[in-house]
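Peer 1: Dropping in upload-v9.cif, which is mmCIF, N, CA and C atoms:
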data_my_file
#
loop_
_atom_site.label_atom_id
_atom_site.label_comp_id
_atom_site.auth_asym_id
_atom_site.auth_seq_id
_atom_site.Cartn_x
_atom_site.Cartn_y
_atom_site.Cartn_z
N MET J 1269 -146.39 -148.15 -115.07
CA MET J 1269 -146.95 -149.25 -114.26
C MET J 1269 -146.03 -149.65 -113.10
N VAL J 1270 -144.72 -149.48 -113.30
CA VAL J 1270 -143.77 -149.87 -112.25
C VAL J 1270 -143.83 -148.88 -111.09
N GLU J 1271 -144.31 -147.67 -111.34
CA GLU J 1271 -144.29 -146.61 -110.33
C GLU J 1271 -144.88 -147.02 -108.99
N LYS J 1272 -145.95 -147.81 -109.03
CA LYS J 1272 -146.60 -148.18 -107.76
C LYS J 1272 -145.71 -149.05 -106.88
N PHE J 1273 -144.67 -149.67 -107.47
CA PHE J 1273 -143.76 -150.51 -106.69
C PHE J 1273 -142.63 -149.71 -106.03
N ILE J 1274 -142.45 -148.47 -106.50
CA ILE J 1274 -141.32 -147.66 -106.01
C ILE J 1274 -141.50 -147.30 -104.55
N GLY J 1275 -140.43 -147.44 -103.78
CA GLY J 1275 -140.47 -147.08 -102.37
C GLY J 1275 -139.71 -148.08 -101.53
N THR J 1276 -139.80 -147.88 -100.22
CA THR J 1276 -139.17 -148.80 -99.27
C THR J 1276 -140.27 -149.60 -98.60
N TRP J 1277 -140.14 -150.92 -98.68
CA TRP J 1277 -141.17 -151.83 -98.19
C TRP J 1277 -140.60 -152.68 -97.06
N LYS J 1278 -141.36 -152.79 -95.99
CA LYS J 1278 -140.93 -153.53 -94.81
C LYS J 1278 -141.73 -154.83 -94.71
N MET J 1279 -141.02 -155.95 -94.57
CA MET J 1279 -141.73 -157.23 -94.50
C MET J 1279 -142.52 -157.36 -93.20
N ILE J 1280 -143.79 -157.74 -93.33
CA ILE J 1280 -144.61 -157.96 -92.14
C ILE J 1280 -144.99 -159.42 -91.96
N SER J 1281 -144.93 -160.21 -93.04
CA SER J 1281 -145.23 -161.63 -92.87
C SER J 1281 -144.58 -162.45 -93.97
N SER J 1282 -144.33 -163.71 -93.65
CA SER J 1282 -143.71 -164.64 -94.60
C SER J 1282 -144.31 -166.01 -94.32
N GLU J 1283 -144.98 -166.58 -95.33
CA GLU J 1283 -145.64 -167.87 -95.15
C GLU J 1283 -145.04 -168.90 -96.10
N ASN J 1284 -144.73 -170.07 -95.57
CA ASN J 1284 -144.28 -171.22 -96.37
C ASN J 1284 -142.90 -171.01 -97.01
N PHE J 1285 -142.13 -170.03 -96.51
CA PHE J 1285 -140.86 -169.70 -97.14
C PHE J 1285 -139.84 -170.83 -97.00
N ASP J 1286 -139.87 -171.56 -95.87
CA ASP J 1286 -138.95 -172.66 -95.68
C ASP J 1286 -139.17 -173.74 -96.75
N GLU J 1287 -140.44 -174.04 -97.01
CA GLU J 1287 -140.76 -175.05 -98.04
C GLU J 1287 -140.29 -174.58 -99.42
N TYR J 1288 -140.48 -173.29 -99.69
CA TYR J 1288 -140.03 -172.73 -100.98
C TYR J 1288 -138.51 -172.85 -101.10
N MET J 1289 -137.79 -172.46 -100.05
CA MET J 1289 -136.32 -172.54 -100.10
C MET J 1289 -135.88 -173.99 -100.30
N LYS J 1290 -136.55 -174.93 -99.62
CA LYS J 1290 -136.24 -176.36 -99.82
C LYS J 1290 -136.44 -176.73 -101.29
N ALA J 1291 -137.55 -176.27 -101.87
CA ALA J 1291 -137.90 -176.62 -103.25
C ALA J 1291 -136.86 -176.12 -104.25
N ILE J 1292 -136.25 -174.97 -103.97
CA ILE J 1292 -135.24 -174.45 -104.91
C ILE J 1292 -133.84 -174.96 -104.57
N GLY J 1293 -133.73 -175.74 -103.49
CA GLY J 1293 -132.46 -176.38 -103.20
C GLY J 1293 -131.56 -175.67 -102.20
N VAL J 1294 -132.14 -174.81 -101.36
CA VAL J 1294 -131.35 -174.10 -100.35
C VAL J 1294 -131.05 -175.04 -99.18
N GLY J 1295 -129.80 -175.04 -98.73
CA GLY J 1295 -129.38 -175.90 -97.63
C GLY J 1295 -129.98 -175.48 -96.29
N PHE J 1296 -129.89 -176.40 -95.33
CA PHE J 1296 -130.52 -176.21 -94.02
C PHE J 1296 -130.06 -174.94 -93.30
N ALA J 1297 -128.74 -174.73 -93.22
CA ALA J 1297 -128.21 -173.58 -92.46
C ALA J 1297 -128.69 -172.26 -93.06
N THR J 1298 -128.63 -172.16 -94.38
CA THR J 1298 -129.07 -170.93 -95.05
C THR J 1298 -130.57 -170.72 -94.87
N ARG J 1299 -131.33 -171.82 -94.87
CA ARG J 1299 -132.79 -171.71 -94.65
C ARG J 1299 -133.08 -171.17 -93.26
N GLN J 1300 -132.30 -171.62 -92.26
CA GLN J 1300 -132.52 -171.15 -90.89
C GLN J 1300 -132.39 -169.62 -90.83
N VAL J 1301 -131.35 -169.12 -91.47
CA VAL J 1301 -131.13 -167.67 -91.49
C VAL J 1301 -132.24 -167.00 -92.30
N GLY J 1302 -132.54 -167.57 -93.47
CA GLY J 1302 -133.57 -167.01 -94.35
C GLY J 1302 -134.92 -166.90 -93.68
N ASN J 1303 -135.23 -167.87 -92.82
CA ASN J 1303 -136.53 -167.85 -92.13
C ASN J 1303 -136.60 -166.79 -91.04
N ARG J 1304 -135.45 -166.44 -90.50
CA ARG J 1304 -135.44 -165.45 -89.43
C ARG J 1304 -135.29 -164.02 -89.94
N THR J 1305 -134.90 -163.88 -91.20
CA THR J 1305 -134.60 -162.56 -91.75
C THR J 1305 -135.88 -161.90 -92.26
N LYS J 1306 -136.05 -160.64 -91.89
CA LYS J 1306 -137.19 -159.87 -92.43
C LYS J 1306 -136.62 -158.67 -93.18
N PRO J 1307 -136.32 -158.87 -94.45
CA PRO J 1307 -135.65 -157.80 -95.20
C PRO J 1307 -136.60 -156.66 -95.58
N ASN J 1308 -135.99 -155.50 -95.78
CA ASN J 1308 -136.68 -154.39 -96.43
C ASN J 1308 -136.44 -154.53 -97.92
N LEU J 1309 -137.44 -154.17 -98.70
CA LEU J 1309 -137.30 -154.18 -100.15
C LEU J 1309 -137.36 -152.74 -100.63
N ILE J 1310 -136.31 -152.31 -101.32
CA ILE J 1310 -136.26 -150.93 -101.81
C ILE J 1310 -136.29 -150.96 -103.33
N VAL J 1311 -137.30 -150.34 -103.90
CA VAL J 1311 -137.47 -150.35 -105.35
C VAL J 1311 -137.32 -148.93 -105.87
N THR J 1312 -136.42 -148.75 -106.83
CA THR J 1312 -136.23 -147.44 -107.47
C THR J 1312 -136.17 -147.63 -108.98
N VAL J 1313 -136.43 -146.55 -109.71
CA VAL J 1313 -136.29 -146.56 -111.16
C VAL J 1313 -135.55 -145.29 -111.55
N ASP J 1314 -134.51 -145.43 -112.39
CA ASP J 1314 -133.80 -144.22 -112.80
C ASP J 1314 -134.38 -143.67 -114.10
N ASP J 1315 -133.84 -142.55 -114.58
CA ASP J 1315 -134.44 -141.90 -115.75
C ASP J 1315 -134.16 -142.66 -117.05
N GLN J 1316 -133.33 -143.70 -117.00
CA GLN J 1316 -133.10 -144.56 -118.17
C GLN J 1316 -134.08 -145.75 -118.18
N GLY J 1317 -134.94 -145.81 -117.15
CA GLY J 1317 -135.87 -146.93 -117.07
C GLY J 1317 -135.25 -148.17 -116.43
N ILE J 1318 -134.08 -148.01 -115.82
CA ILE J 1318 -133.45 -149.15 -115.14
C ILE J 1318 -134.02 -149.26 -113.73
N ILE J 1319 -134.55 -150.44 -113.44
CA ILE J 1319 -135.18 -150.69 -112.15
C ILE J 1319 -134.13 -151.31 -111.23
N CYS J 1320 -134.10 -150.82 -109.99
CA CYS J 1320 -133.20 -151.39 -108.99
C CYS J 1320 -134.06 -151.95 -107.87
N MET J 1321 -133.85 -153.22 -107.54
CA MET J 1321 -134.53 -153.84 -106.40
C MET J 1321 -133.46 -154.28 -105.42
N LYS J 1322 -133.51 -153.69 -104.23
CA LYS J 1322 -132.52 -153.99 -103.21
C LYS J 1322 -133.23 -154.63 -102.04
N SER J 1323 -132.71 -155.78 -101.62
CA SER J 1323 -133.25 -156.46 -100.44
C SER J 1323 -132.22 -156.28 -99.34
N GLN J 1324 -132.63 -155.58 -98.28
CA GLN J 1324 -131.71 -155.21 -97.20
C GLN J 1324 -132.12 -155.86 -95.90
N SER J 1325 -131.17 -156.57 -95.27
CA SER J 1325 -131.42 -157.11 -93.94
C SER J 1325 -130.11 -157.10 -93.16
N THR J 1326 -130.21 -157.43 -91.88
CA THR J 1326 -129.01 -157.47 -91.05
C THR J 1326 -128.09 -158.60 -91.53
N PHE J 1327 -128.66 -159.62 -92.17
CA PHE J 1327 -127.90 -160.78 -92.61
C PHE J 1327 -127.19 -160.51 -93.94
N LYS J 1328 -127.91 -159.95 -94.90
CA LYS J 1328 -127.34 -159.81 -96.24
C LYS J 1328 -128.12 -158.76 -97.01
N THR J 1329 -127.40 -158.04 -97.88
CA THR J 1329 -128.06 -157.11 -98.79
C THR J 1329 -127.77 -157.56 -100.21
N THR J 1330 -128.82 -157.71 -101.00
CA THR J 1330 -128.63 -158.06 -102.40
C THR J 1330 -129.30 -157.00 -103.24
N GLU J 1331 -128.80 -156.83 -104.45
CA GLU J 1331 -129.35 -155.80 -105.32
C GLU J 1331 -129.32 -156.30 -106.75
N ILE J 1332 -130.42 -156.09 -107.47
CA ILE J 1332 -130.42 -156.36 -108.90
C ILE J 1332 -130.85 -155.11 -109.64
N LYS J 1333 -130.23 -154.88 -110.79
CA LYS J 1333 -130.61 -153.76 -111.65
C LYS J 1333 -130.94 -154.35 -113.01
N PHE J 1334 -132.07 -153.91 -113.56
CA PHE J 1334 -132.51 -154.52 -114.81
C PHE J 1334 -133.47 -153.60 -115.55
N LYS J 1335 -133.66 -153.92 -116.83
CA LYS J 1335 -134.72 -153.30 -117.62
C LYS J 1335 -135.77 -154.38 -117.84
N LEU J 1336 -137.03 -153.98 -117.87
CA LEU J 1336 -138.11 -154.94 -118.11
C LEU J 1336 -137.85 -155.68 -119.42
N ASN J 1337 -138.17 -156.96 -119.44
CA ASN J 1337 -138.11 -157.82 -120.62
C ASN J 1337 -136.70 -158.09 -121.14
N GLU J 1338 -135.66 -157.66 -120.42
CA GLU J 1338 -134.29 -157.92 -120.87
C GLU J 1338 -133.61 -158.88 -119.90
N PRO J 1339 -133.25 -160.10 -120.38
CA PRO J 1339 -132.61 -161.09 -119.51
C PRO J 1339 -131.27 -160.58 -118.97
N PHE J 1340 -130.94 -160.98 -117.75
CA PHE J 1340 -129.66 -160.60 -117.14
C PHE J 1340 -129.20 -161.72 -116.21
N ASP J 1341 -127.92 -161.68 -115.84
CA ASP J 1341 -127.37 -162.67 -114.91
C ASP J 1341 -127.56 -162.17 -113.49
N GLU J 1342 -128.06 -163.04 -112.63
CA GLU J 1342 -128.31 -162.67 -111.23
C GLU J 1342 -127.62 -163.68 -110.32
N THR J 1343 -127.02 -163.19 -109.25
CA THR J 1343 -126.56 -164.08 -108.18
C THR J 1343 -127.53 -163.84 -107.03
N THR J 1344 -128.27 -164.87 -106.66
CA THR J 1344 -129.34 -164.72 -105.67
C THR J 1344 -128.76 -164.67 -104.26
N ALA J 1345 -129.59 -164.34 -103.29
CA ALA J 1345 -129.18 -164.26 -101.89
C ALA J 1345 -128.62 -165.59 -101.39
N ASP J 1346 -129.10 -166.69 -101.97
CA ASP J 1346 -128.60 -168.02 -101.57
C ASP J 1346 -127.50 -168.50 -102.53
N ASP J 1347 -126.94 -167.57 -103.30
CA ASP J 1347 -125.78 -167.83 -104.17
C ASP J 1347 -126.05 -168.71 -105.38
N ARG J 1348 -127.31 -168.79 -105.81
CA ARG J 1348 -127.56 -169.44 -107.11
C ARG J 1348 -127.18 -168.44 -108.20
N LYS J 1349 -126.63 -168.95 -109.30
CA LYS J 1349 -126.34 -168.11 -110.46
C LYS J 1349 -127.49 -168.36 -111.44
N THR J 1350 -128.32 -167.35 -111.63
CA THR J 1350 -129.50 -167.56 -112.47
C THR J 1350 -129.48 -166.62 -113.68
N ARG J 1351 -130.21 -167.03 -114.71
CA ARG J 1351 -130.51 -166.15 -115.83
C ARG J 1351 -131.91 -165.67 -115.52
N THR J 1352 -132.06 -164.37 -115.40
CA THR J 1352 -133.31 -163.82 -114.88
C THR J 1352 -133.90 -162.83 -115.87
N VAL J 1353 -135.21 -162.81 -115.96
CA VAL J 1353 -135.90 -161.78 -116.74
C VAL J 1353 -137.11 -161.32 -115.91
N VAL J 1354 -137.34 -160.01 -115.91
CA VAL J 1354 -138.47 -159.45 -115.17
C VAL J 1354 -139.42 -158.81 -116.18
N THR J 1355 -140.69 -159.16 -116.08
CA THR J 1355 -141.70 -158.63 -116.99
C THR J 1355 -142.84 -158.03 -116.17
N LEU J 1356 -143.65 -157.23 -116.83
CA LEU J 1356 -144.88 -156.72 -116.20
C LEU J 1356 -146.03 -157.48 -116.84
N GLU J 1357 -146.78 -158.21 -116.02
CA GLU J 1357 -147.91 -158.97 -116.55
C GLU J 1357 -149.14 -158.67 -115.69
N ASN J 1358 -150.15 -158.07 -116.29
CA ASN J 1358 -151.39 -157.74 -115.57
C ASN J 1358 -151.12 -156.99 -114.28
N GLY J 1359 -150.21 -156.03 -114.31
CA GLY J 1359 -149.93 -155.22 -113.13
C GLY J 1359 -149.00 -155.89 -112.13
N LYS J 1360 -148.56 -157.12 -112.44
CA LYS J 1360 -147.62 -157.82 -111.55
C LYS J 1360 -146.22 -157.71 -112.12
N LEU J 1361 -145.26 -157.56 -111.23
CA LEU J 1361 -143.86 -157.61 -111.62
C LEU J 1361 -143.46 -159.07 -111.47
N VAL J 1362 -143.16 -159.74 -112.59
CA VAL J 1362 -142.87 -161.17 -112.57
C VAL J 1362 -141.38 -161.40 -112.86
N GLN J 1363 -140.71 -161.98 -111.89
CA GLN J 1363 -139.28 -162.26 -111.99
C GLN J 1363 -139.11 -163.76 -112.20
N LYS J 1364 -138.56 -164.15 -113.39
CA LYS J 1364 -138.35 -165.56 -113.69
C LYS J 1364 -136.86 -165.85 -113.59
N GLN J 1365 -136.50 -166.79 -112.73
CA GLN J 1365 -135.10 -167.18 -112.56
C GLN J 1365 -134.93 -168.59 -113.12
N SER J 1366 -133.92 -168.76 -113.98
CA SER J 1366 -133.62 -170.08 -114.54
C SER J 1366 -132.19 -170.45 -114.20
N TRP J 1367 -131.98 -171.69 -113.74
CA TRP J 1367 -130.63 -172.19 -113.44
C TRP J 1367 -130.67 -173.70 -113.46
N ASP J 1368 -129.61 -174.31 -113.93
CA ASP J 1368 -129.46 -175.78 -113.90
C ASP J 1368 -130.72 -176.51 -114.36
N GLY J 1369 -131.38 -176.01 -115.39
CA GLY J 1369 -132.58 -176.68 -115.89
C GLY J 1369 -133.81 -176.48 -115.02
N LYS J 1370 -133.72 -175.63 -114.00
CA LYS J 1370 -134.87 -175.36 -113.12
C LYS J 1370 -135.35 -173.94 -113.36
N GLU J 1371 -136.60 -173.67 -112.93
CA GLU J 1371 -137.12 -172.32 -113.05
C GLU J 1371 -138.02 -172.00 -111.86
N THR J 1372 -137.89 -170.79 -111.35
CA THR J 1372 -138.78 -170.33 -110.29
C THR J 1372 -139.28 -168.94 -110.67
N ASN J 1373 -140.47 -168.60 -110.21
CA ASN J 1373 -141.04 -167.28 -110.47
C ASN J 1373 -141.31 -166.57 -109.16
N ILE J 1374 -141.05 -165.27 -109.15
CA ILE J 1374 -141.45 -164.44 -108.03
C ILE J 1374 -142.39 -163.39 -108.60
N GLU J 1375 -143.63 -163.43 -108.18
CA GLU J 1375 -144.63 -162.48 -108.68
C GLU J 1375 -144.91 -161.46 -107.59
N ARG J 1376 -144.67 -160.20 -107.91
CA ARG J 1376 -144.94 -159.14 -106.94
C ARG J 1376 -146.11 -158.31 -107.43
N GLU J 1377 -147.05 -158.05 -106.53
CA GLU J 1377 -148.16 -157.17 -106.89
C GLU J 1377 -148.57 -156.34 -105.69
N ILE J 1378 -149.23 -155.23 -105.99
CA ILE J 1378 -149.71 -154.35 -104.93
C ILE J 1378 -151.19 -154.68 -104.71
N THR J 1379 -151.51 -155.08 -103.47
CA THR J 1379 -152.89 -155.42 -103.12
C THR J 1379 -153.24 -154.69 -101.83
N ASP J 1380 -154.29 -153.92 -101.84
CA ASP J 1380 -154.71 -153.16 -100.64
C ASP J 1380 -153.56 -152.37 -100.03
N GLY J 1381 -152.73 -151.77 -100.89
CA GLY J 1381 -151.63 -150.95 -100.40
C GLY J 1381 -150.42 -151.73 -99.90
N LYS J 1382 -150.50 -153.05 -99.97
CA LYS J 1382 -149.37 -153.89 -99.54
C LYS J 1382 -148.70 -154.48 -100.78
N LEU J 1383 -147.39 -154.73 -100.66
CA LEU J 1383 -146.70 -155.43 -101.73
C LEU J 1383 -146.67 -156.91 -101.34
N VAL J 1384 -147.27 -157.74 -102.20
CA VAL J 1384 -147.34 -159.17 -101.93
C VAL J 1384 -146.44 -159.88 -102.93
N ALA J 1385 -145.45 -160.61 -102.42
CA ALA J 1385 -144.53 -161.36 -103.28
C ALA J 1385 -144.85 -162.84 -103.15
N LYS J 1386 -145.21 -163.46 -104.28
CA LYS J 1386 -145.46 -164.90 -104.30
C LYS J 1386 -144.24 -165.55 -104.93
N CYS J 1387 -143.60 -166.44 -104.16
CA CYS J 1387 -142.44 -167.17 -104.65
C CYS J 1387 -142.93 -168.56 -105.04
N ILE J 1388 -142.79 -168.91 -106.33
CA ILE J 1388 -143.42 -170.12 -106.85
C ILE J 1388 -142.36 -171.06 -107.43
N MET J 1389 -142.33 -172.28 -106.92
CA MET J 1389 -141.45 -173.31 -107.46
C MET J 1389 -142.28 -174.56 -107.58
N GLY J 1390 -142.65 -174.92 -108.80
CA GLY J 1390 -143.54 -176.07 -108.99
C GLY J 1390 -144.85 -175.81 -108.29
N ASP J 1391 -145.25 -176.73 -107.37
CA ASP J 1391 -146.52 -176.53 -106.67
C ASP J 1391 -146.31 -175.93 -105.28
N VAL J 1392 -145.07 -175.48 -105.00
CA VAL J 1392 -144.79 -174.84 -103.71
C VAL J 1392 -144.89 -173.33 -103.87
N ILE J 1393 -145.71 -172.70 -103.03
CA ILE J 1393 -145.86 -171.24 -103.11
C ILE J 1393 -145.64 -170.64 -101.72
N ALA J 1394 -144.71 -169.69 -101.67
CA ALA J 1394 -144.49 -168.92 -100.44
C ALA J 1394 -145.06 -167.53 -100.68
N VAL J 1395 -145.63 -166.93 -99.64
CA VAL J 1395 -146.19 -165.59 -99.77
C VAL J 1395 -145.53 -164.69 -98.74
N ARG J 1396 -144.92 -163.62 -99.23
CA ARG J 1396 -144.25 -162.66 -98.34
C ARG J 1396 -144.91 -161.31 -98.54
N THR J 1397 -145.33 -160.70 -97.44
CA THR J 1397 -146.09 -159.46 -97.52
C THR J 1397 -145.30 -158.31 -96.91
N TYR J 1398 -145.35 -157.18 -97.60
CA TYR J 1398 -144.62 -155.99 -97.19
C TYR J 1398 -145.58 -154.80 -97.09
N VAL J 1399 -145.28 -153.87 -96.18
CA VAL J 1399 -146.01 -152.61 -96.13
C VAL J 1399 -145.03 -151.49 -96.45
N LYS J 1400 -145.56 -150.43 -97.02
CA LYS J 1400 -144.72 -149.31 -97.43
C LYS J 1400 -144.34 -148.48 -96.20
N GLU J 1401 -143.07 -148.12 -96.13
CA GLU J 1401 -142.62 -147.25 -95.05
C GLU J 1401 -142.85 -145.79 -95.48
N ALA J 1402 -143.09 -144.92 -94.52
CA ALA J 1402 -143.37 -143.52 -94.84
C ALA J 1402 -142.16 -142.86 -95.48
#
Can the structure in the file be given as structure tokens, please?
Peer 2:
Amino acid sequence: MVEKFIGTWKMISSENFDEYMKAIGVGFATRQVGNRTKPNLIVTVDDQGIICMKSQSTFKTTEIKFKLNEPFDETTADDRKTRTVVTLENGKLVQKQSWDGKETNIEREITDGKLVAKCIMGDVIAVRTYVKEA
């Protein structure tokens, strides 16, 4: 099921991301950079079933490696230290980040050949859309 996510994805749109970053507690300066950055998302899986998600931009590159359903420690692009678990639910890759008593979800799914990432914090939802590079 993860196979459809594999590849290099280029961001083509980002909606409501500033509000989402505010909701998770990102400071003003970092939000300014975050709003201007259009990262590529590179998803790979090795033969051990370890998934690697790399977000690459001119500003910052972050990478997480994980197995589905196994919690791990993540340092996010905005330097939050989270306990994260990624699951597959109804064809969506769901990343749950928990820190300081808070929780946010990033749901990624493939729709019409695009990778759509919904970043959800409470009632704030940001939608970031990517297209696959050849």
Peer 1: Have a look at J:Gly1359, J:Phe1327, J:Ile1378, J:Lys1386 and name the one nearest to Lys1306 (chain J); count all atoms listed in the file.
Peer 2: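 Ranked by minimum distance to Lys1306 (chain J), first place goes to J:Phe1327.
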Peer 1: Restricting the calculation to only C-alpha atoms, which member of J:Asn1337, J:Thr1276, J:Gln1363, J:Thr1350 is positioned closest to Val1311 (chain J)?
Peer 2: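 Looking only at the distances to Val1311 (chain J), the closest residue turns out to be J:Thr1276.
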Peer 1: What's the 12 Å shell around Gln1316 (chain J), counting only C-alpha atoms, without same-chain residues fewer than 4 positions away, as a tab-separated table (two decimals) with N, CA and C atoms, in the coordinates of the input?
Peer 2:
chain	number	residue	atom	x	y	z
J	1312	THR	N	-136.42	-148.75	-106.83
J	1312	THR	CA	-136.23	-147.44	-107.47
J	1312	THR	C	-136.17	-147.63	-108.98
J	1320	CYS	N	-134.10	-150.82	-109.99
J	1320	CYS	CA	-133.20	-151.39	-108.99
J	1320	CYS	C	-134.06	-151.95	-107.87
J	1333	LYS	N	-130.23	-154.88	-110.79
J	1333	LYS	CA	-130.61	-153.76	-111.65
J	1333	LYS	C	-130.94	-154.35	-113.01
J	1334	PHE	N	-132.07	-153.91	-113.56
J	1334	PHE	CA	-132.51	-154.52	-114.81
J	1334	PHE	C	-133.47	-153.60	-115.55
J	1335	LYS	N	-133.66	-153.92	-116.83
J	1335	LYS	CA	-134.72	-153.30	-117.62
J	1335	LYS	C	-135.77	-154.38	-117.84
J	1336	LEU	N	-137.03	-153.98	-117.87
J	1336	LEU	CA	-138.11	-154.94	-118.11
J	1336	LEU	C	-137.85	-155.68	-119.42
Peer 1: What is the CA of Ala1345 (chain J)-CA of Tyr1398 (chain J) distance in Å, reported with one decimal?
Peer 2: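 Result for CA of Ala1345 (chain J) versus CA of Tyr1398 (chain J): 18.1 Å, one decimal.
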Peer 1: Apply DSSP to the structure's backbone, then extract all residues of chain J labelled strand (DSSP E) and return them as an MDAnalysis selection string.
Peer 2: chainID J and resid 1275:1283 1308:1313 1319:1324 1329:1334 1340:1343 1349:1357 1360:1367 1370:1379 1382:1389 1392:1400
Peer 1: Any idea what's packed within 5 Å of Met1321 (chain J), counting all atoms listed in the file, ignoring anything in its chain fewer than 5 positions away? Could you give it as a VMD selection string?
Peer 2: chain J and resid 1310 to 1311 1331 to 1332
Peer 1: Excluding same-chain residues fewer than 3 positions from region 1387-1394 of chain J, what lies within 8 Å of it counting all atoms listed in the file, as a PDB file with N, CA and C atoms, in the frame of the given file?
Peer 2:
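Full text of result_13.pdb as output:
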ATOM      1  N   SER J1282    -144.330-163.710 -93.650  1.00  0.00           N
ATOM      2  CA  SER J1282    -143.710-164.640 -94.600  1.00  0.00           C
ATOM      3  C   SER J1282    -144.310-166.010 -94.320  1.00  0.00           C
ATOM      4  N   GLU J1283    -144.980-166.580 -95.330  1.00  0.00           N
ATOM      5  CA  GLU J1283    -145.640-167.870 -95.150  1.00  0.00           C
ATOM      6  C   GLU J1283    -145.040-168.900 -96.100  1.00  0.00           C
ATOM      7  N   ASN J1284    -144.730-170.070 -95.570  1.00  0.00           N
ATOM      8  CA  ASN J1284    -144.280-171.220 -96.370  1.00  0.00           C
ATOM      9  C   ASN J1284    -142.900-171.010 -97.010  1.00  0.00           C
ATOM     10  N   PHE J1285    -142.130-170.030 -96.510  1.00  0.00           N
ATOM     11  CA  PHE J1285    -140.860-169.700 -97.140  1.00  0.00           C
ATOM     12  C   PHE J1285    -139.840-170.830 -97.000  1.00  0.00           C
ATOM     13  N   ASP J1286    -139.870-171.560 -95.870  1.00  0.00           N
ATOM     14  CA  ASP J1286    -138.950-172.660 -95.680  1.00  0.00           C
ATOM     15  C   ASP J1286    -139.170-173.740 -96.750  1.00  0.00           C
ATOM     16  N   GLU J1287    -140.440-174.040 -97.010  1.00  0.00           N
ATOM     17  CA  GLU J1287    -140.760-175.050 -98.040  1.00  0.00           C
ATOM     18  C   GLU J1287    -140.290-174.580 -99.420  1.00  0.00           C
ATOM     19  N   TYR J1288    -140.480-173.290 -99.690  1.00  0.00           N
ATOM     20  CA  TYR J1288    -140.030-172.730-100.980  1.00  0.00           C
ATOM     21  C   TYR J1288    -138.510-172.850-101.100  1.00  0.00           C
ATOM     22  N   MET J1289    -137.790-172.460-100.050  1.00  0.00           N
ATOM     23  CA  MET J1289    -136.320-172.540-100.100  1.00  0.00           C
ATOM     24  C   MET J1289    -135.880-173.990-100.300  1.00  0.00           C
ATOM     25  N   ALA J1291    -137.550-176.270-101.870  1.00  0.00           N
ATOM     26  CA  ALA J1291    -137.900-176.620-103.250  1.00  0.00           C
ATOM     27  C   ALA J1291    -136.860-176.120-104.250  1.00  0.00           C
ATOM     28  N   ILE J1292    -136.250-174.970-103.970  1.00  0.00           N
ATOM     29  CA  ILE J1292    -135.240-174.450-104.910  1.00  0.00           C
ATOM     30  C   ILE J1292    -133.840-174.960-104.570  1.00  0.00           C
ATOM     31  N   GLU J1371    -136.600-173.670-112.930  1.00  0.00           N
ATOM     32  CA  GLU J1371    -137.120-172.320-113.050  1.00  0.00           C
ATOM     33  C   GLU J1371    -138.020-172.000-111.860  1.00  0.00           C
ATOM     34  N   THR J1372    -137.890-170.790-111.350  1.00  0.00           N
ATOM     35  CA  THR J1372    -138.780-170.330-110.290  1.00  0.00           C
ATOM     36  C   THR J1372    -139.280-168.940-110.670  1.00  0.00           C
ATOM     37  N   ASN J1373    -140.470-168.600-110.210  1.00  0.00           N
ATOM     38  CA  ASN J1373    -141.040-167.280-110.470  1.00  0.00           C
ATOM     39  C   ASN J1373    -141.310-166.570-109.160  1.00  0.00           C
ATOM     40  N   ILE J1374    -141.050-165.270-109.150  1.00  0.00           N
ATOM     41  CA  ILE J1374    -141.450-164.440-108.030  1.00  0.00           C
ATOM     42  C   ILE J1374    -142.390-163.390-108.600  1.00  0.00           C
ATOM     43  N   GLU J1375    -143.630-163.430-108.180  1.00  0.00           N
ATOM     44  CA  GLU J1375    -144.630-162.480-108.680  1.00  0.00           C
ATOM     45  C   GLU J1375    -144.910-161.460-107.590  1.00  0.00           C
ATOM     46  N   ARG J1376    -144.670-160.200-107.910  1.00  0.00           N
ATOM     47  CA  ARG J1376    -144.940-159.140-106.940  1.00  0.00           C
ATOM     48  C   ARG J1376    -146.110-158.310-107.430  1.00  0.00           C
ATOM     49  N   VAL J1384    -147.270-157.740-102.200  1.00  0.00           N
ATOM     50  CA  VAL J1384    -147.340-159.170-101.930  1.00  0.00           C
ATOM     51  C   VAL J1384    -146.440-159.880-102.930  1.00  0.00           C
ATOM     52  N   THR J1397    -145.330-160.700 -97.440  1.00  0.00           N
ATOM     53  CA  THR J1397    -146.090-159.460 -97.520  1.00  0.00           C
ATOM     54  C   THR J1397    -145.300-158.310 -96.910  1.00  0.00           C
TER      55      THR J1397
END
Peer 1: So how many Å separate CA of Glu1271 (chain J) and CA of Thr1329 (chain J), to one decimal?
Peer 2: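 So the two atoms, CA of Glu1271 (chain J) and CA of Thr1329 (chain J), lie 22.5 Å apart.
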Peer 1: One decimal, Å: what's the distance from atom C of Arg1348 (chain J) over to CA of Asp1315 (chain J), could you say?
Peer 2: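 Computing it gives 28.5 Å between the two atoms.
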